[in-house]
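Q: Below: one structure in structure tokens.
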Number of protein chains: 2
Amino acid sequence: MDDAKVRNMEEFAAVCGISRPTLSKYFQDPGSVRASTRERIEAALERHDFRPNLYAVNQNRRHSKAIGIVVPYLADPFFAELARNIETLVIDAGFRPILLSAHGDPAHEADILDGLRDLKPAGVLLAPLGRASDRRAVEAFCAAVPTVLFDSNLVGQAEAFIGSDNDQSIALIVDHLCDTGEPPAFFEMASPVNPNAFKRREAYAAAMARRGHAPMTLQVEGRGWDFEAIGRAGALKAIEARALPSDTILCSNDRLAVGFLSAAYEKGLRVGVGAGCALRVAGHDDHPYARFASPRLTTVSQDYAAISRASAAALLNLIDTGRRAGRRETTLFAGRLVRRESA
Amino acid sequence: MDDAKVRNMEEFAAVCGISRPTLSKYFQDPGSVRASTRERIEAALERHDFRPNLYAVNQNRRHSKAIGIVVPYLADPFFAELARNIETLVIDAGFRPILLSAHGDPAHEADILDGLRDLKPAGVLLAPLGRASDRRAVEAFCAAVPTVLFDSNLVGQAEAFIGSDNDQSIALIVDHLCDTGEPPAFFEMASPVNPNAFKRREAYAAAMARRGHAPMTLQVEGRGWDFEAIGRAGALKAIEARALPSDTILCSNDRLAVGFLSAAYEKGLRVGVGAGCALRVAGHDDHPYARFASPRLTTVSQDYAAISRASAAALLNLIDTGRRAGRRETTLFAGRLVRRESA
DNA sequence: ACGCAAACTTTACGCGCGCAAAAAATGTTT
DNA sequence: AAACATTTTTTGCGCGCGTAAAGTTTGCGT
């Protein structure tokens, strides 16, 4: 194989006995040429393994076959898992995924979006940093590239948003906790980086109100994305100061909860529902590690698969209808209660 | 700003009052033009925000300014963290990182390498699947693109390898465990996907032998990358069957250890060193979640920062010396003992 | 003011492919 | 076998930029 070096489509057309424009058609869509010619091409392809120059191909195209996937913090297994699902769907749809992480930094997020435009992607799936995002950068980007937001909403931005129904899911876990014991106190970061955190805060207050309870909130200091460390430090402090407002703690997310469990274990507070347990702790998200905490964490699952599928579907639809499928659509998925041993 | 739409460098040269070849020089290296012209260009740049077409730029170039970063499983926080570090270093060096995950699948890894070649990257940092990798695909890739391996070695492949010294690190933790209690049994997967696992198995046996102990190995079934689930299931089974060879367990990696801790907690076995503790459990890697396990996991840290820096440095050196810096180099970093409460 | 090197402009070609139009070949239908 | 539809070939231009060569200007030292 690979006798003569084939340097471009012209030369490949020669060794192949087929005209260049036909080859061009073939490489854009193998199904668009007659079966007999397709076979001839593919036979030659095995002998010479020629591939069209990606850069030459995309030079004139309005957009490439790339789809950007941007998440705020890829080292968070929640986003890693989401990205993994979405990547697969993007590949199956015949596109090339470009995975990017803002690493928690708004400036970096803006840089990423900037660089992404150079790639002329067919579209972008963006989970923005949220509040911290450079609104103008995101807005400019969305105007230039078909974009679907997921996980975290920026009102009015992009063509669609797919996320979780925090009102529903928080109500679900609050009700469960109330039904099975004391009403929960809400454990969260005082200055969360995640915009869902604010929604959950409000959802908690509303859910408690519906139950006739006053909200009890425990806010911990700390910045950045080291949620476990922040949760652990805050919990240690609260436990030492005997400042827990309730023996039932609902954490704003599972990573904070894991930190809380770590602190409780260290302080000798047994977490769970049985006799001899001092605390109940619940989380939110069904984070990949929640089921391996000690004790295993009761939480509300976000439907990873559904969010991934809906996000990808929305973008793909946007792409082949030539975007602007009408007005902006918002899709929220319900959470599912995951009962384990911690609450 | 942005009065007339500037569609290409030609038009930008017009509104800018500078010839196109000079602009071309500027965009390749802003420092290569006289300060006064640089200012004129940058002034015009603020009014028109023109950017050279990425595809046109790379069409003739031998390679782009992209650097590939390929990991076997990005949803594993160990690789996510490593990738995060490397990405930053790559950006600082003036390159564009392309992050890719094989998602544990050798065929996908081969596809990734294949697709990466189209991008004509300046170089690639590759943490291969290891044993499972398609050797021929990797070999063909390394021959075509300057490549540095990290984390997992493929003998003879690529221009360099950077990883951890498993012999040293395993000996470190074995010695520690022997010095402070019973010699450890080794807990691992029967068919590990990670090639480091085999090195650690051997290192464990050697370290035990040096101590005059026979190795005690507990191998668990399971395939894939759900290490916590596999560790948990295996540990539950072993505990129920009272088949633990020792009350001290050294896990092949922290994720298995987290699974083990989960099982021990569920079975009411207190893990730690104090009185009333039934088991000691140690891990390896200082995985991001190890410090939040209950109890916190004693382990051997891999030096994330050092591995990242050395890998990036090796590749960058390879790139600007025009590769082949002599013969293949192997760099191993020592682990550091991280004493926590679990052992 | 002179001389010279560095920087810039002008001109022109090439990269590899997309794409359009017209002509030719092939395949299908009646 | 004729008529038609589909596919392929031929021809040729264009994309946006890299780059080389030759000529011109600029900056700086003496």
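Order determines the names: the first chain of the structure tokens is A, the second B, and so forth; residues in each chain are numbered 1 upward, and ligands are numbered 1 upward as they are shown.
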Near Pro183 in chain B, within 12 Å and counting only C-alpha atoms (C1' of nucleotides), which residues show up once chain neighbours fewer than 5 positions away are dropped, as a VMD selection string?
A: chain B and resid 171 173 to 178 204 to 205 207 to 217 245 to 250 279 to 282 343
Q: Would you kindly report the residues of chain B within 8 Å of chain C, using only C-alpha atoms (C1' of nucleotides), as a list of chain:residue names?
A: B:Ser19, B:Thr22, B:Val33, B:Arg34, B:Gln59, B:Asn60
Q: Dump as JSON lines the rows for residues of chain B within 12 Å of chain D: closest atom pair and distance in Å with one decimal, only C-alpha atoms (C1' of nucleotides) counted, ordered by chain and rising residue number.
A:
{"residue": "B:Arg7", "atom": "CA", "partner": "D:DG16", "partner_atom": "C1'", "distance": 9.3}
{"residue": "B:Asn8", "atom": "CA", "partner": "D:DG16", "partner_atom": "C1'", "distance": 6.6}
{"residue": "B:Met9", "atom": "CA", "partner": "D:DG16", "partner_atom": "C1'", "distance": 7.5}
{"residue": "B:Glu10", "atom": "CA", "partner": "D:DG16", "partner_atom": "C1'", "distance": 8.7}
{"residue": "B:Glu11", "atom": "CA", "partner": "D:DG16", "partner_atom": "C1'", "distance": 11.0}
{"residue": "B:Arg20", "atom": "CA", "partner": "D:DC17", "partner_atom": "C1'", "distance": 9.4}
{"residue": "B:Pro21", "atom": "CA", "partner": "D:DT19", "partner_atom": "C1'", "distance": 8.6}
{"residue": "B:Thr22", "atom": "CA", "partner": "D:DT19", "partner_atom": "C1'", "distance": 11.4}
{"residue": "B:Leu23", "atom": "CA", "partner": "D:DC17", "partner_atom": "C1'", "distance": 10.6}
{"residue": "B:Ser24", "atom": "CA", "partner": "D:DC17", "partner_atom": "C1'", "distance": 7.9}
{"residue": "B:Lys25", "atom": "CA", "partner": "D:DG18", "partner_atom": "C1'", "distance": 9.6}
{"residue": "B:Phe27", "atom": "CA", "partner": "D:DC17", "partner_atom": "C1'", "distance": 11.1}
{"residue": "B:Gln28", "atom": "CA", "partner": "D:DG18", "partner_atom": "C1'", "distance": 10.4}
{"residue": "B:Arg34", "atom": "CA", "partner": "D:DG27", "partner_atom": "C1'", "distance": 10.3}
{"residue": "B:Ala35", "atom": "CA", "partner": "D:DG27", "partner_atom": "C1'", "distance": 11.9}
{"residue": "B:Ser36", "atom": "CA", "partner": "D:DT26", "partner_atom": "C1'", "distance": 11.1}
{"residue": "B:Thr37", "atom": "CA", "partner": "D:DT26", "partner_atom": "C1'", "distance": 11.5}
{"residue": "B:Arg51", "atom": "CA", "partner": "D:DG16", "partner_atom": "C1'", "distance": 11.3}
{"residue": "B:Pro52", "atom": "CA", "partner": "D:DC17", "partner_atom": "C1'", "distance": 8.1}
{"residue": "B:Asn53", "atom": "CA", "partner": "D:DG16", "partner_atom": "C1'", "distance": 6.7}
{"residue": "B:Leu54", "atom": "CA", "partner": "D:DG16", "partner_atom": "C1'", "distance": 9.3}
{"residue": "B:Tyr55", "atom": "CA", "partner": "D:DG16", "partner_atom": "C1'", "distance": 8.4}
{"residue": "B:Ala56", "atom": "CA", "partner": "D:DG16", "partner_atom": "C1'", "distance": 5.3}
{"residue": "B:Val57", "atom": "CA", "partner": "D:DC17", "partner_atom": "C1'", "distance": 5.6}
{"residue": "B:Asn58", "atom": "CA", "partner": "D:DC17", "partner_atom": "C1'", "distance": 8.7}
{"residue": "B:Gln59", "atom": "CA", "partner": "D:DC17", "partner_atom": "C1'", "distance": 8.3}
{"residue": "B:Asn60", "atom": "CA", "partner": "D:DG18", "partner_atom": "C1'", "distance": 6.8}
{"residue": "B:Arg61", "atom": "CA", "partner": "D:DG18", "partner_atom": "C1'", "distance": 8.0}
{"residue": "B:Arg62", "atom": "CA", "partner": "D:DG18", "partner_atom": "C1'", "distance": 11.4}
Q: For chain B, list the residues within 9 Å of chain A, counting only C-alpha atoms, and write the list as a compact mmCIF listing (two decimals) with N, CA and C atoms, in the first residue's frame.
A:
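As a result, part27.txt now contains:
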# COMPACT_ATOMS: atom_id res chain seq x y z
N ARG B 51 -9.68 39.34 12.56
CA ARG B 51 -8.81 38.22 12.95
C ARG B 51 -8.56 37.35 11.74
N PRO B 52 -7.30 36.98 11.54
CA PRO B 52 -6.97 36.17 10.37
C PRO B 52 -7.76 34.87 10.37
N ASN B 53 -8.16 34.45 9.22
CA ASN B 53 -8.89 33.19 9.08
C ASN B 53 -7.98 32.01 9.45
N LEU B 54 -8.41 31.32 10.51
CA LEU B 54 -7.58 30.24 11.05
C LEU B 54 -7.25 29.19 10.00
N TYR B 55 -8.21 28.89 9.17
CA TYR B 55 -8.03 27.81 8.20
C TYR B 55 -7.11 28.22 7.06
N ALA B 56 -7.26 29.46 6.64
CA ALA B 56 -6.36 29.96 5.60
C ALA B 56 -4.93 30.02 6.12
N VAL B 57 -4.81 30.41 7.37
CA VAL B 57 -3.48 30.52 7.97
C VAL B 57 -2.77 29.16 7.97
N ASN B 58 -3.52 28.14 8.36
CA ASN B 58 -2.89 26.83 8.55
C ASN B 58 -2.79 26.00 7.29
N GLN B 59 -3.36 26.49 6.23
CA GLN B 59 -3.40 25.68 5.02
C GLN B 59 -1.99 25.32 4.53
N ASN B 60 -1.10 26.26 4.58
CA ASN B 60 0.23 26.01 4.05
C ASN B 60 1.24 25.64 5.13
N LEU B 74 -11.45 10.99 30.91
CA LEU B 74 -11.46 12.34 31.47
C LEU B 74 -12.40 12.48 32.65
N ALA B 75 -13.37 11.58 32.76
CA ALA B 75 -14.30 11.66 33.89
C ALA B 75 -13.64 11.17 35.17
N ASP B 76 -12.42 10.65 35.06
CA ASP B 76 -11.64 10.32 36.24
C ASP B 76 -10.94 11.59 36.71
N PRO B 77 -11.27 12.06 37.92
CA PRO B 77 -10.74 13.33 38.38
C PRO B 77 -9.21 13.41 38.38
N PHE B 78 -8.58 12.27 38.45
CA PHE B 78 -7.12 12.27 38.36
C PHE B 78 -6.68 12.84 37.02
N PHE B 79 -7.27 12.37 35.95
CA PHE B 79 -6.89 12.86 34.63
C PHE B 79 -7.45 14.25 34.37
N ALA B 80 -8.60 14.53 34.93
CA ALA B 80 -9.17 15.86 34.78
C ALA B 80 -8.23 16.90 35.39
N GLU B 81 -7.70 16.54 36.53
CA GLU B 81 -6.80 17.47 37.22
C GLU B 81 -5.48 17.62 36.46
N ALA B 83 -5.05 17.15 33.28
CA ALA B 83 -5.36 17.86 32.04
C ALA B 83 -5.49 19.35 32.30
N ARG B 84 -6.09 19.68 33.43
CA ARG B 84 -6.27 21.09 33.78
C ARG B 84 -4.92 21.78 33.93
N ARG B 96 -2.53 26.39 21.52
CA ARG B 96 -3.95 26.18 21.75
C ARG B 96 -4.17 24.71 22.13
N PRO B 97 -4.61 24.44 23.35
CA PRO B 97 -4.78 23.05 23.77
C PRO B 97 -6.03 22.42 23.16
N ILE B 98 -5.89 21.17 22.76
CA ILE B 98 -7.03 20.40 22.25
C ILE B 98 -7.17 19.20 23.16
N LEU B 99 -8.19 19.23 24.01
CA LEU B 99 -8.34 18.19 25.02
C LEU B 99 -9.24 17.07 24.52
N LEU B 100 -8.75 15.85 24.61
CA LEU B 100 -9.51 14.71 24.10
C LEU B 100 -9.46 13.55 25.08
N SER B 101 -10.56 12.84 25.18
CA SER B 101 -10.63 11.67 26.05
C SER B 101 -11.02 10.44 25.27
N HIS B 103 -12.33 7.96 26.57
CA HIS B 103 -13.49 7.38 27.25
C HIS B 103 -13.31 5.89 27.48
N GLY B 115 -8.01 11.53 13.96
CA GLY B 115 -8.57 12.84 13.72
C GLY B 115 -7.60 13.95 14.08
N ASP B 118 -5.27 15.28 11.33
CA ASP B 118 -5.83 16.26 10.40
C ASP B 118 -5.57 17.69 10.88
N LEU B 119 -5.45 17.83 12.18
CA LEU B 119 -5.26 19.17 12.75
C LEU B 119 -3.82 19.63 12.63
N GLU B 228 -14.68 2.80 41.69
CA GLU B 228 -15.30 2.82 43.02
C GLU B 228 -16.34 1.70 43.13
N ALA B 229 -17.15 1.56 42.11
CA ALA B 229 -18.19 0.53 42.14
C ALA B 229 -17.55 -0.86 42.21
N ARG B 232 -16.00 -1.33 45.68
CA ARG B 232 -17.04 -1.51 46.68
C ARG B 232 -17.63 -2.92 46.62
N VAL B 258 -11.66 4.19 47.78
CA VAL B 258 -12.91 4.86 48.13
C VAL B 258 -14.06 3.85 48.11
N GLY B 259 -14.04 2.98 47.12
CA GLY B 259 -15.04 1.93 47.07
C GLY B 259 -14.93 1.00 48.27
N LEU B 261 -13.70 1.73 51.24
CA LEU B 261 -14.16 2.44 52.44
C LEU B 261 -15.68 2.44 52.52
N SER B 262 -16.30 2.61 51.36
CA SER B 262 -17.76 2.61 51.32
C SER B 262 -18.31 1.28 51.82
N ALA B 263 -17.69 0.20 51.38
CA ALA B 263 -18.13 -1.14 51.80
C ALA B 263 -17.87 -1.35 53.29
N TYR B 265 -17.65 0.86 55.63
CA TYR B 265 -18.59 1.65 56.43
C TYR B 265 -19.93 0.94 56.52
N GLU B 266 -20.38 0.46 55.38
CA GLU B 266 -21.68 -0.20 55.34
C GLU B 266 -21.70 -1.45 56.21
N TYR B 289 -10.32 13.28 45.58
CA TYR B 289 -11.36 13.01 46.56
C TYR B 289 -10.85 12.24 47.78
N ARG B 291 -8.93 13.03 50.14
CA ARG B 291 -8.90 13.77 51.40
C ARG B 291 -10.29 14.03 51.97
N PHE B 292 -11.31 13.64 51.22
CA PHE B 292 -12.68 13.84 51.72
C PHE B 292 -13.39 12.53 51.98
N ALA B 293 -12.66 11.44 51.89
CA ALA B 293 -13.26 10.16 52.24
C ALA B 293 -13.47 10.11 53.75
N SER B 294 -14.26 9.13 54.18
CA SER B 294 -14.49 8.96 55.61
C SER B 294 -14.07 7.56 56.00
N PRO B 295 -12.99 7.41 56.73
CA PRO B 295 -12.06 8.46 57.15
C PRO B 295 -11.20 8.93 55.98
N ARG B 296 -10.53 10.04 56.19
CA ARG B 296 -9.67 10.55 55.13
C ARG B 296 -8.59 9.54 54.80
Q: Going by DSSP on the backbone, which residues of range 28-246 of chain A come out as helix (DSSP H, G or I)? List them as an NGL selection string.
A: :A and (28 or 30-32 or 35-48 or 54-60 or 77-92 or 106-118 or 135-144 or 166-180 or 196-210 or 227-240)
Q: If you count only C-alpha atoms (C1' of nucleotides), which residues fall within 12 Å of Gln219 in chain B, apart from same-chain ones fewer than 6 positions away, as a PyMOL selection string?
A: chain B and resi 185-192+197+201+230-231+233-235+237-238+243-245+249-252+256
Q: Those residues you just picked out, can you put them in a file as a short mmCIF file (atom, residue, chain, number, x, y, z; two decimals), in the first residue's frame with N, CA and C atoms?
A:
data_model
loop_
_atom_site.label_atom_id
_atom_site.label_comp_id
_atom_site.auth_asym_id
_atom_site.auth_seq_id
_atom_site.Cartn_x
_atom_site.Cartn_y
_atom_site.Cartn_z
N ALA B 185 -2.26 -6.36 52.78
CA ALA B 185 -2.66 -7.15 51.61
C ALA B 185 -2.92 -6.17 50.47
N PHE B 186 -2.74 -6.65 49.25
CA PHE B 186 -2.88 -5.78 48.09
C PHE B 186 -4.25 -5.99 47.45
N PHE B 187 -4.99 -4.91 47.32
CA PHE B 187 -6.36 -4.97 46.79
C PHE B 187 -6.37 -4.36 45.40
N GLU B 188 -6.76 -5.16 44.41
CA GLU B 188 -6.68 -4.65 43.03
C GLU B 188 -7.69 -5.36 42.13
N MET B 189 -7.80 -4.85 40.94
CA MET B 189 -8.67 -5.49 39.96
C MET B 189 -7.93 -6.66 39.32
N ALA B 190 -8.65 -7.72 39.07
CA ALA B 190 -8.04 -8.89 38.45
C ALA B 190 -7.56 -8.56 37.04
N SER B 191 -8.34 -7.78 36.33
CA SER B 191 -7.96 -7.37 34.96
C SER B 191 -7.99 -5.86 34.87
N PRO B 192 -6.93 -5.23 35.32
CA PRO B 192 -6.94 -3.77 35.39
C PRO B 192 -6.85 -3.15 33.99
N ALA B 197 -1.23 -0.37 37.04
CA ALA B 197 -1.67 -1.39 37.99
C ALA B 197 -0.72 -2.58 38.02
N ARG B 201 1.47 -3.89 41.16
CA ARG B 201 1.37 -5.26 41.64
C ARG B 201 2.77 -5.82 41.88
N ILE B 230 -16.48 -1.04 41.46
CA ILE B 230 -15.80 -2.34 41.44
C ILE B 230 -15.16 -2.62 42.80
N GLY B 231 -14.52 -1.60 43.34
CA GLY B 231 -13.88 -1.76 44.65
C GLY B 231 -14.90 -2.05 45.74
N ALA B 233 -17.96 -3.35 45.41
CA ALA B 233 -18.56 -4.67 45.25
C ALA B 233 -17.59 -5.76 45.70
N GLY B 234 -16.34 -5.61 45.28
CA GLY B 234 -15.34 -6.61 45.66
C GLY B 234 -15.11 -6.64 47.16
N ALA B 235 -15.09 -5.47 47.76
CA ALA B 235 -14.85 -5.40 49.20
C ALA B 235 -16.03 -5.99 49.97
N LYS B 237 -18.02 -8.27 49.03
CA LYS B 237 -17.96 -9.72 48.88
C LYS B 237 -16.91 -10.33 49.80
N ALA B 238 -15.75 -9.69 49.80
CA ALA B 238 -14.65 -10.22 50.62
C ALA B 238 -14.97 -10.14 52.10
N ALA B 243 -12.95 -12.98 53.87
CA ALA B 243 -11.82 -13.40 53.05
C ALA B 243 -10.71 -12.36 53.00
N LEU B 244 -10.74 -11.40 53.93
CA LEU B 244 -9.66 -10.42 53.94
C LEU B 244 -8.39 -11.07 54.48
N PRO B 245 -7.32 -11.04 53.71
CA PRO B 245 -6.08 -11.74 54.11
C PRO B 245 -5.36 -11.03 55.24
N ILE B 249 -5.14 -3.06 54.39
CA ILE B 249 -5.40 -3.19 52.96
C ILE B 249 -4.75 -2.05 52.19
N LEU B 250 -3.90 -2.41 51.26
CA LEU B 250 -3.32 -1.40 50.36
C LEU B 250 -4.01 -1.53 49.01
N CYS B 251 -4.70 -0.48 48.61
CA CYS B 251 -5.44 -0.53 47.34
C CYS B 251 -4.55 -0.01 46.21
N SER B 252 -4.74 -0.58 45.06
CA SER B 252 -3.91 -0.25 43.90
C SER B 252 -4.06 1.21 43.49
N LEU B 256 -10.32 2.73 43.96
CA LEU B 256 -10.67 1.44 44.53
C LEU B 256 -10.80 1.56 46.04
#
